[in-house]
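*Asks:* model.tsv is reproduced below (TSV, C-alpha atoms).
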chain	number	residue	atom	x	y	z
P	1	MET	CA	-2.11	-9.45	-31.13
P	2	SER	CA	1.05	-11.09	-29.78
P	3	ALA	CA	2.70	-9.23	-26.91
P	4	GLY	CA	6.00	-7.64	-27.81
P	5	GLU	CA	5.91	-8.77	-31.44
P	6	GLY	CA	4.87	-5.45	-32.97
P	7	GLY	CA	1.41	-6.62	-34.09
P	8	ILE	CA	0.05	-3.06	-33.97
P	9	THR	CA	-2.04	-1.89	-36.91
P	10	PRO	CA	-2.16	1.67	-38.35
P	11	ALA	CA	-5.73	1.89	-37.06
P	12	ASP	CA	-4.47	1.16	-33.53
P	13	LEU	CA	-1.89	3.94	-33.83
P	14	ASP	CA	-4.52	6.37	-35.13
P	15	LYS	CA	-6.81	5.59	-32.21
P	16	ALA	CA	-3.93	5.98	-29.77
P	17	SER	CA	-3.03	9.34	-31.31
P	18	THR	CA	-6.62	10.56	-30.89
P	19	LEU	CA	-6.76	9.45	-27.25
P	20	LEU	CA	-3.38	10.98	-26.40
P	21	HIS	CA	-4.43	14.24	-28.08
P	22	ARG	CA	-7.46	14.40	-25.78
P	23	VAL	CA	-5.23	13.93	-22.75
P	24	ALA	CA	-2.88	16.65	-24.02
P	25	THR	CA	-5.81	19.02	-24.55
P	26	VAL	CA	-6.87	18.67	-20.92
P	27	PHE	CA	-3.28	19.04	-19.72
P	28	ASP	CA	-2.65	22.20	-21.75
P	29	GLN	CA	-5.77	23.82	-20.31
P	30	LYS	CA	-4.32	23.78	-16.79
P	31	VAL	CA	-0.52	23.49	-17.10
P	32	VAL	CA	1.65	25.91	-19.07
P	33	GLY	CA	4.78	24.48	-20.66
P	34	GLN	CA	6.29	21.51	-18.79
P	35	GLU	CA	6.30	19.27	-21.89
P	36	SER	CA	8.72	16.80	-20.28
P	37	LEU	CA	6.41	16.54	-17.27
P	38	ARG	CA	3.43	15.75	-19.47
P	39	THR	CA	5.46	13.13	-21.33
P	40	ALA	CA	6.55	11.53	-18.06
P	41	LEU	CA	3.00	11.50	-16.66
P	42	VAL	CA	1.45	10.01	-19.80
P	43	SER	CA	4.26	7.46	-20.15
P	44	THR	CA	3.76	6.37	-16.57
P	45	LEU	CA	0.00	6.09	-17.03
P	46	ILE	CA	0.11	3.94	-20.16
P	47	THR	CA	2.82	1.64	-18.80
P	48	GLY	CA	0.95	1.02	-15.55
P	49	GLY	CA	3.73	2.47	-13.38
P	50	HIS	CA	4.05	5.09	-10.65
P	51	ILE	CA	5.72	8.51	-10.75
P	52	LEU	CA	7.54	10.68	-8.21
P	53	LEU	CA	7.46	14.45	-8.80
P	54	GLU	CA	10.06	16.63	-7.08
P	55	SER	CA	10.50	20.39	-7.07
P	56	VAL	CA	10.41	23.45	-4.88
P	57	PRO	CA	6.89	24.67	-3.98
P	58	GLY	CA	4.75	26.38	-6.56
P	59	LEU	CA	5.80	24.59	-9.76
P	60	ALA	CA	2.45	22.89	-10.42
P	61	LYS	CA	3.26	19.38	-9.17
P	62	THR	CA	-0.15	18.96	-7.57
P	63	THR	CA	-1.90	20.78	-10.41
P	64	ALA	CA	-0.29	18.49	-12.97
P	65	ALA	CA	-1.30	15.38	-11.03
P	66	GLU	CA	-4.88	16.58	-10.64
P	67	THR	CA	-5.01	17.53	-14.32
P	68	LEU	CA	-3.89	14.04	-15.39
P	69	ALA	CA	-6.64	12.62	-13.18
P	70	ALA	CA	-9.15	14.98	-14.84
P	71	SER	CA	-8.10	13.66	-18.26
P	72	VAL	CA	-9.00	10.11	-17.24
P	73	GLY	CA	-12.57	9.19	-16.41
P	74	GLY	CA	-11.71	7.09	-13.38
P	75	SER	CA	-11.73	7.55	-9.61
P	76	PHE	CA	-9.20	9.94	-8.07
P	77	HIS	CA	-8.21	10.46	-4.43
P	78	ARG	CA	-5.75	12.91	-2.95
P	79	ILE	CA	-3.91	12.08	0.27
P	80	GLN	CA	-2.13	14.92	2.06
P	81	CYS	CA	0.76	13.24	3.85
P	82	THR	CA	1.62	14.39	7.38
P	83	PRO	CA	3.84	12.91	10.12
P	84	ASP	CA	0.79	11.65	12.04
P	85	LEU	CA	-0.74	9.90	9.02
P	86	MET	CA	-1.25	6.21	9.85
P	87	PRO	CA	-1.32	3.22	7.46
P	88	ASN	CA	-5.02	2.68	8.18
P	89	ASP	CA	-5.69	6.23	7.01
P	90	ILE	CA	-4.46	5.15	3.57
P	91	VAL	CA	-5.36	1.49	3.07
P	92	GLY	CA	-8.54	1.37	5.18
P	93	THR	CA	-9.70	-0.13	8.46
P	94	GLN	CA	-12.29	-2.30	10.16
P	95	ILE	CA	-15.14	-0.62	12.02
P	96	TYR	CA	-17.09	-2.39	14.75
P	97	ASN	CA	-20.89	-2.22	14.48
P	98	TYR	CA	-22.29	-2.41	18.00
P	99	GLY	CA	-25.84	-3.02	16.79
P	100	GLU	CA	-24.91	-6.09	14.75
P	101	GLY	CA	-21.91	-7.11	16.83
P	102	SER	CA	-19.67	-7.46	13.77
P	103	PHE	CA	-16.91	-5.69	11.90
P	104	THR	CA	-17.31	-3.97	8.55
P	105	THR	CA	-14.44	-2.98	6.30
P	106	GLN	CA	-14.02	0.59	5.16
P	107	LEU	CA	-11.60	0.88	2.24
P	108	GLY	CA	-9.10	3.75	2.36
P	109	PRO	CA	-8.40	6.42	-0.26
P	110	VAL	CA	-5.66	4.33	-1.89
P	111	HIS	CA	-8.48	2.33	-3.50
P	112	ALA	CA	-8.80	4.55	-6.56
P	113	ASN	CA	-7.55	4.51	-10.14
P	114	LEU	CA	-5.27	7.50	-9.61
P	115	VAL	CA	-3.92	8.36	-6.16
P	116	LEU	CA	-2.05	11.58	-5.40
P	117	LEU	CA	0.28	11.33	-2.39
P	118	ASP	CA	1.08	14.96	-1.71
P	119	GLU	CA	4.43	15.47	0.07
P	120	ILE	CA	5.02	11.75	0.49
P	121	ASN	CA	8.25	12.35	2.42
P	122	ARG	CA	6.23	13.84	5.30
P	123	SER	CA	4.66	10.46	6.08
P	124	SER	CA	6.31	8.11	8.55
P	125	ALA	CA	8.25	4.98	7.63
P	126	LYS	CA	5.34	2.79	8.77
P	127	THR	CA	2.94	4.58	6.45
P	128	GLN	CA	5.42	4.45	3.57
P	129	SER	CA	5.76	0.68	4.04
P	130	ALA	CA	1.99	0.33	3.73
P	131	MET	CA	2.19	2.11	0.38
P	132	LEU	CA	4.88	-0.35	-0.75
P	133	GLU	CA	2.41	-3.24	-0.80
P	134	ALA	CA	-0.16	-1.16	-2.65
P	135	MET	CA	2.33	0.02	-5.29
P	136	GLN	CA	4.03	-3.33	-5.87
P	137	GLU	CA	1.36	-5.94	-5.16
P	138	ARG	CA	-1.65	-3.88	-6.33
P	139	GLN	CA	-3.52	-4.91	-3.20
P	140	THR	CA	-4.01	-4.00	0.44
P	141	SER	CA	-4.45	-6.14	3.54
P	142	ILE	CA	-7.13	-5.19	6.07
P	143	GLY	CA	-7.90	-7.50	8.96
P	144	GLY	CA	-6.08	-10.36	7.26
P	145	VAL	CA	-8.16	-10.03	4.09
P	146	GLU	CA	-6.61	-8.95	0.80
P	147	TYR	CA	-8.41	-6.35	-1.30
P	148	LYS	CA	-7.41	-5.85	-4.92
P	149	LEU	CA	-6.85	-2.30	-6.10
P	150	PRO	CA	-8.71	-0.96	-9.16
P	151	ASP	CA	-7.35	-1.50	-12.66
P	152	PRO	CA	-5.72	0.68	-13.87
P	153	PHE	CA	-3.94	1.91	-10.73
P	154	MET	CA	-1.33	4.67	-10.58
P	155	VAL	CA	0.35	6.54	-7.74
P	156	LEU	CA	1.50	10.11	-8.27
P	157	ALA	CA	3.69	11.19	-5.36
P	158	THR	CA	5.17	14.64	-4.78
P	159	GLN	CA	7.99	15.77	-2.53
P	160	ASN	CA	9.69	19.03	-1.69
P	161	PRO	CA	13.51	18.68	-1.56
P	162	ILE	CA	14.29	21.92	0.30
P	163	GLU	CA	12.37	21.31	3.55
P	164	GLU	CA	13.79	18.72	5.91
P	165	GLU	CA	11.88	19.50	9.11
P	166	GLY	CA	9.19	16.91	9.73
P	167	THR	CA	10.20	14.76	6.76
P	168	TYR	CA	11.28	11.14	6.36
P	169	VAL	CA	13.68	10.16	3.59
P	170	LEU	CA	12.14	7.63	1.21
P	171	PRO	CA	13.92	4.26	1.47
P	172	GLU	CA	15.76	3.02	-1.61
P	173	ALA	CA	13.37	0.06	-1.92
P	174	GLN	CA	10.40	2.39	-2.32
P	175	MET	CA	12.26	4.85	-4.57
P	176	ASP	CA	13.07	1.97	-6.92
P	177	ARG	CA	9.38	1.16	-7.29
P	178	PHE	CA	8.67	4.48	-8.96
P	179	LEU	CA	8.93	4.02	-12.71
P	180	VAL	CA	10.24	7.56	-13.14
P	181	LYS	CA	11.26	10.51	-11.00
P	182	GLU	CA	10.58	13.82	-12.70
P	183	VAL	CA	12.34	16.93	-11.35
P	184	LEU	CA	10.50	20.12	-12.26
P	185	THR	CA	12.37	23.32	-13.04
P	186	TYR	CA	11.27	26.96	-13.08
P	187	PRO	CA	9.17	27.93	-16.12
P	188	ALA	CA	10.54	30.10	-18.90
P	189	ALA	CA	9.72	33.82	-18.70
P	190	SER	CA	7.24	33.55	-21.57
P	191	HIS	CA	5.46	30.66	-19.85
P	192	GLU	CA	5.29	32.57	-16.58
P	193	VAL	CA	3.70	35.54	-18.37
P	194	GLU	CA	1.14	33.12	-19.83
P	195	ILE	CA	0.38	31.84	-16.32
P	196	LEU	CA	-0.27	35.39	-15.10
P	197	GLU	CA	-2.51	36.10	-18.07
P	198	ARG	CA	-4.52	32.93	-17.44
P	199	VAL	CA	-4.96	33.76	-13.77
P	200	ALA	CA	-5.95	37.38	-14.51
P	201	SER	CA	-8.52	36.34	-17.13
P	202	GLY	CA	-9.95	33.48	-15.06
P	203	ARG	CA	-8.98	30.82	-17.60
P	204	GLN	CA	-6.79	29.01	-15.07
P	205	SER	CA	-9.74	28.30	-12.77
P	206	ALA	CA	-12.26	27.65	-15.57
P	207	PRO	CA	-13.83	24.17	-15.68
P	208	ILE	CA	-12.18	21.65	-17.99
P	209	THR	CA	-14.29	21.28	-21.12
P	210	ALA	CA	-12.39	18.54	-22.98
P	211	GLU	CA	-13.81	15.03	-22.81
P	212	PRO	CA	-11.68	12.69	-20.67
P	213	VAL	CA	-10.58	9.29	-21.89
P	214	SER	CA	-12.25	6.27	-20.32
P	215	LEU	CA	-10.63	3.52	-18.27
P	216	ASP	CA	-11.15	1.18	-21.23
P	217	ASP	CA	-9.18	3.66	-23.35
P	218	VAL	CA	-6.34	3.60	-20.81
P	219	ARG	CA	-6.34	-0.20	-20.84
P	220	PHE	CA	-6.26	-0.10	-24.65
P	221	LEU	CA	-3.20	2.17	-24.56
P	222	GLN	CA	-1.53	-0.07	-22.00
P	223	GLY	CA	-2.15	-3.05	-24.26
P	224	LEU	CA	-0.52	-1.22	-27.16
P	225	VAL	CA	2.54	-0.43	-25.07
P	226	ASP	CA	2.86	-4.11	-24.21
P	227	ASP	CA	2.88	-4.94	-27.93
P	228	VAL	CA	5.47	-2.39	-29.06
P	229	TYR	CA	8.34	-4.25	-30.70
P	230	VAL	CA	11.74	-4.03	-29.00
P	231	ASP	CA	14.59	-5.44	-31.05
P	232	THR	CA	17.20	-7.63	-29.39
P	233	SER	CA	19.86	-5.02	-30.16
P	234	ILE	CA	17.85	-2.42	-28.21
P	235	LYS	CA	17.47	-4.80	-25.28
P	236	ARG	CA	21.23	-5.44	-25.32
P	237	TYR	CA	21.80	-1.67	-25.43
P	238	ILE	CA	19.63	-1.20	-22.34
P	239	VAL	CA	21.43	-4.01	-20.48
P	240	ASP	CA	24.82	-2.53	-21.39
P	241	VAL	CA	23.71	0.86	-20.04
P	242	ILE	CA	22.52	-0.67	-16.76
P	243	ASN	CA	25.68	-2.77	-16.40
P	244	THR	CA	27.78	0.34	-17.01
P	245	SER	CA	25.93	2.04	-14.16
P	246	ARG	CA	27.24	-0.80	-11.97
P	247	CYS	CA	30.80	0.14	-12.99
P	248	GLY	CA	30.94	-2.70	-15.51
P	249	GLY	CA	29.60	-3.06	-19.04
P	250	PRO	CA	31.44	-3.29	-22.36
P	251	ARG	CA	33.14	0.09	-21.84
P	252	PRO	CA	33.35	0.96	-18.13
P	253	VAL	CA	33.42	4.66	-17.32
P	254	PRO	CA	36.79	5.58	-15.74
P	255	GLY	CA	36.38	6.81	-12.17
P	256	LEU	CA	32.66	6.00	-11.98
P	257	ALA	CA	33.16	3.85	-8.89
P	258	ALA	CA	34.30	6.96	-7.01
P	259	HIS	CA	30.87	8.50	-7.56
P	260	VAL	CA	28.42	5.57	-7.72
P	261	ARG	CA	28.11	3.24	-4.74
P	262	VAL	CA	25.22	1.15	-6.12
P	263	GLY	CA	24.09	1.07	-9.76
P	264	ALA	CA	20.64	0.46	-11.19
P	265	SER	CA	18.89	-2.87	-10.58
P	266	PRO	CA	17.18	-5.04	-13.23
P	267	ARG	CA	14.07	-3.02	-12.42
P	268	GLY	CA	15.93	-0.12	-14.05
P	269	SER	CA	16.36	-2.17	-17.24
P	270	ILE	CA	12.65	-2.93	-17.28
P	271	ALA	CA	11.79	0.72	-16.68
P	272	LEU	CA	14.01	1.92	-19.54
P	273	MET	CA	12.38	-0.53	-21.93
P	274	ARG	CA	8.82	0.18	-20.78
P	275	VAL	CA	9.18	3.96	-21.00
P	276	ALA	CA	10.81	3.59	-24.43
P	277	GLN	CA	7.79	1.56	-25.56
P	278	ALA	CA	5.46	4.29	-24.25
P	279	LEU	CA	7.42	6.98	-26.10
P	280	ALA	CA	7.18	4.96	-29.31
P	281	ILE	CA	3.38	4.92	-29.04
P	282	GLN	CA	3.33	8.67	-28.35
P	283	SER	CA	5.48	9.17	-31.46
P	284	GLY	CA	3.11	7.10	-33.61
P	285	ARG	CA	5.46	4.13	-33.96
P	286	SER	CA	5.03	0.43	-33.22
P	287	PHE	CA	8.72	-0.15	-32.55
P	288	VAL	CA	11.41	1.29	-30.25
P	289	ILE	CA	14.44	3.20	-31.51
P	290	PRO	CA	17.58	4.10	-29.48
P	291	ASP	CA	16.43	7.71	-29.12
P	292	ASP	CA	13.39	6.46	-27.17
P	293	VAL	CA	15.76	4.91	-24.62
P	294	LYS	CA	17.83	8.09	-24.38
P	295	ALA	CA	14.93	10.56	-24.23
P	296	THR	CA	13.90	9.99	-20.59
P	297	ARG	CA	17.13	8.49	-19.25
P	298	HIS	CA	17.33	11.07	-16.45
P	299	ALA	CA	13.76	10.49	-15.26
P	300	VAL	CA	14.19	6.71	-15.27
P	301	LEU	CA	17.64	6.44	-13.67
P	302	ARG	CA	18.23	9.50	-11.47
P	303	HIS	CA	16.61	7.86	-8.43
P	304	ARG	CA	18.18	4.45	-9.03
P	305	LEU	CA	21.84	5.44	-8.65
P	306	VAL	CA	23.15	5.55	-5.10
P	307	ARG	CA	25.96	8.10	-5.01
P	308	THR	CA	29.04	7.86	-2.81
P	309	PHE	CA	29.80	10.33	-0.03
P	310	ASP	CA	32.43	12.00	-2.22
P	311	ALA	CA	29.88	12.53	-5.00
P	312	LEU	CA	27.42	14.04	-2.55
P	313	ALA	CA	30.08	16.23	-0.95
P	314	ASN	CA	31.26	17.48	-4.36
P	315	ASN	CA	27.67	17.99	-5.55
P	316	VAL	CA	28.04	15.61	-8.48
P	317	GLN	CA	24.52	15.42	-9.88
P	318	PRO	CA	23.05	12.05	-10.93
P	319	GLU	CA	22.23	13.52	-14.35
P	320	GLN	CA	25.95	14.07	-14.98
P	321	LEU	CA	26.68	10.46	-14.14
P	322	ILE	CA	23.83	9.21	-16.34
P	323	ASP	CA	25.08	11.25	-19.30
P	324	ALA	CA	28.59	9.85	-18.81
P	325	ILE	CA	27.19	6.33	-18.78
P	326	PHE	CA	25.20	6.82	-21.98
P	327	ASP	CA	28.18	8.51	-23.69
P	328	ALA	CA	30.29	5.43	-22.96
P	329	VAL	CA	27.84	2.87	-24.35
P	330	PRO	CA	27.80	2.51	-28.18
P	331	THR	CA	24.40	3.22	-29.72
P	332	PRO	CA	23.07	0.36	-31.89
Mind turning the file's structure into structure tokens?

*Replies:*
Amino acid sequence: MSAGEGGITPADLDKASTLLHRVATVFDQKVVGQESLRTALVSTLITGGHILLESVPGLAKTTAAETLAASVGGSFHRIQCTPDLMPNDIVGTQIYNYGEGSFTTQLGPVHANLVLLDEINRSSAKTQSAMLEAMQERQTSIGGVEYKLPDPFMVLATQNPIEEEGTYVLPEAQMDRFLVKEVLTYPAASHEVEILERVASGRQSAPITAEPVSLDDVRFLQGLVDDVYVDTSIKRYIVDVINTSRCGGPRPVPGLAAHVRVGASPRGSIALMRVAQALAIQSGRSFVIPDDVKATRHAVLRHRLVRTFDALANNVQPEQLIDAIFDAVPTP
């Protein structure tokens, strides 16, 4: 199978569909509605990226992250971030053995296949910088020795946007390393009734019965995503979108410079393509179409645009700017 050349067989797509159905079965047992959240989580998992979940309290961010972990038969660690959390609490440390007169290394909770960083914006800048190496380099450094992280490795971080006391704003460099940023909204009335019924009947707390997918299955899905065909016209479309976000492109958006201080980086181009490839696999296709690029444009780009002071003061949402950018770029 040649990477990126679309050498995916119908049997591969059938197997992928079966595996993704098993993940969806586990997810539906614990999370009501939130289809876009499930799509974002699965897309992030099978592309080997990281995801940032943002919402007010009580909208199942942590539940969704734990449910995704339950659908994958790998190791899972949860880290509750607090202002006094130190880098060694995450990556690990060296412990001195008085009896032997030597140091032994104790690996931290970041050494797992799926890591949940709950309320990541409550951790200090020093701790956040330690996570940068883990997320980008897939390794940690303890006592001058590098330790590789497990494969696959995925970080699921949550943050609460309404509380500012005791929080530290995530730096742009770290925000950019999240493949997607999913913003959760309140559930529909019918979904909220279903939540109450599940809680009242005990189904919400019942053990998960569906069989999780294995780590080999995840690696198989990641390999398929790598091999999804992306036509040159789609790649040019993605580049035009990203260049338009920088107030350039084939058809610049009038007045965009008044609202966007810094556009998306080339990492944004890569993220758009990778998520589009993941959506193609979830749709049973071995090739990307323009709708795949458009489908999760908000999740991929909302944290990559740096808005001007005027945009912030006038409450111009990044989603509005992203829609304007996509409206201006011709679809292939």

*Asks:* What does the distance from CA of Pro254 in chain P to CA of Leu305 in chain P come to in Å, to one decimal?

*Replies:* 16.5 Å

*Asks:* Could you give me, as a list in words, the residues that have an atom at most 7 Å away from the point (-12.2, -7.1, 6.7) in the coordinates of the file, using all atoms listed in the file?

*Replies:* Gln94, Thr104, Thr105, Ile142, Gly143, Gly144 and Val145 of chain P

*Asks:* For Asp84 in chain P, list every protein, DNA or RNA residue within 10 Å, evaluated using all atoms listed in the file, and leave out those in the same chain fewer than 3 positions away; present the list as a list of chain:residue names.

*Replies:* P:Cys81, P:Pro87, P:Asp89, P:Arg122, P:Ser123, P:Ser124, P:Thr127

*Asks:* Could you give me, as a PyMOL selection string, the residues within 10 Å of Phe103 in chain P, counting all atoms listed in the file and dropping anything in the same chain fewer than 5 positions from it?

*Replies:* chain P and resi 93-98+143

*Asks:* Between CA of Thr244 in chain P and CA of Gly263 in chain P, measure the distance and give it in Å to one decimal.

*Replies:* 8.2 Å

*Asks:* Counting only C-alpha atoms, write as an mmCIF file with C-alpha atoms, in the coordinates of the input all protein and nucleic acid residues lying at most 9 Å from (0.2, 2.5, 1.2) in the file's frame.

*Replies:*
data_model
loop_
_atom_site.group_PDB
_atom_site.id
_atom_site.type_symbol
_atom_site.label_atom_id
_atom_site.label_comp_id
_atom_site.auth_asym_id
_atom_site.auth_seq_id
_atom_site.Cartn_x
_atom_site.Cartn_y
_atom_site.Cartn_z
ATOM 1 C CA PRO P 87 -1.320 3.220 7.460
ATOM 2 C CA ASN P 88 -5.020 2.680 8.180
ATOM 3 C CA ILE P 90 -4.460 5.150 3.570
ATOM 4 C CA VAL P 91 -5.360 1.490 3.070
ATOM 5 C CA VAL P 110 -5.660 4.330 -1.890
ATOM 6 C CA THR P 127 2.940 4.580 6.450
ATOM 7 C CA GLN P 128 5.420 4.450 3.570
ATOM 8 C CA SER P 129 5.760 0.680 4.040
ATOM 9 C CA ALA P 130 1.990 0.330 3.730
ATOM 10 C CA MET P 131 2.190 2.110 0.380
ATOM 11 C CA LEU P 132 4.880 -0.350 -0.750
ATOM 12 C CA GLU P 133 2.410 -3.240 -0.800
ATOM 13 C CA ALA P 134 -0.160 -1.160 -2.650
ATOM 14 C CA MET P 135 2.330 0.020 -5.290
ATOM 15 C CA THR P 140 -4.010 -4.000 0.440
#

*Asks:* Do you know which residues are at most 10 Å from Val180 in chain P counting all atoms listed in the file, after dropping those on the same chain fewer than 2 positions away, and could you put them as a count of residues only?

*Replies:* 28
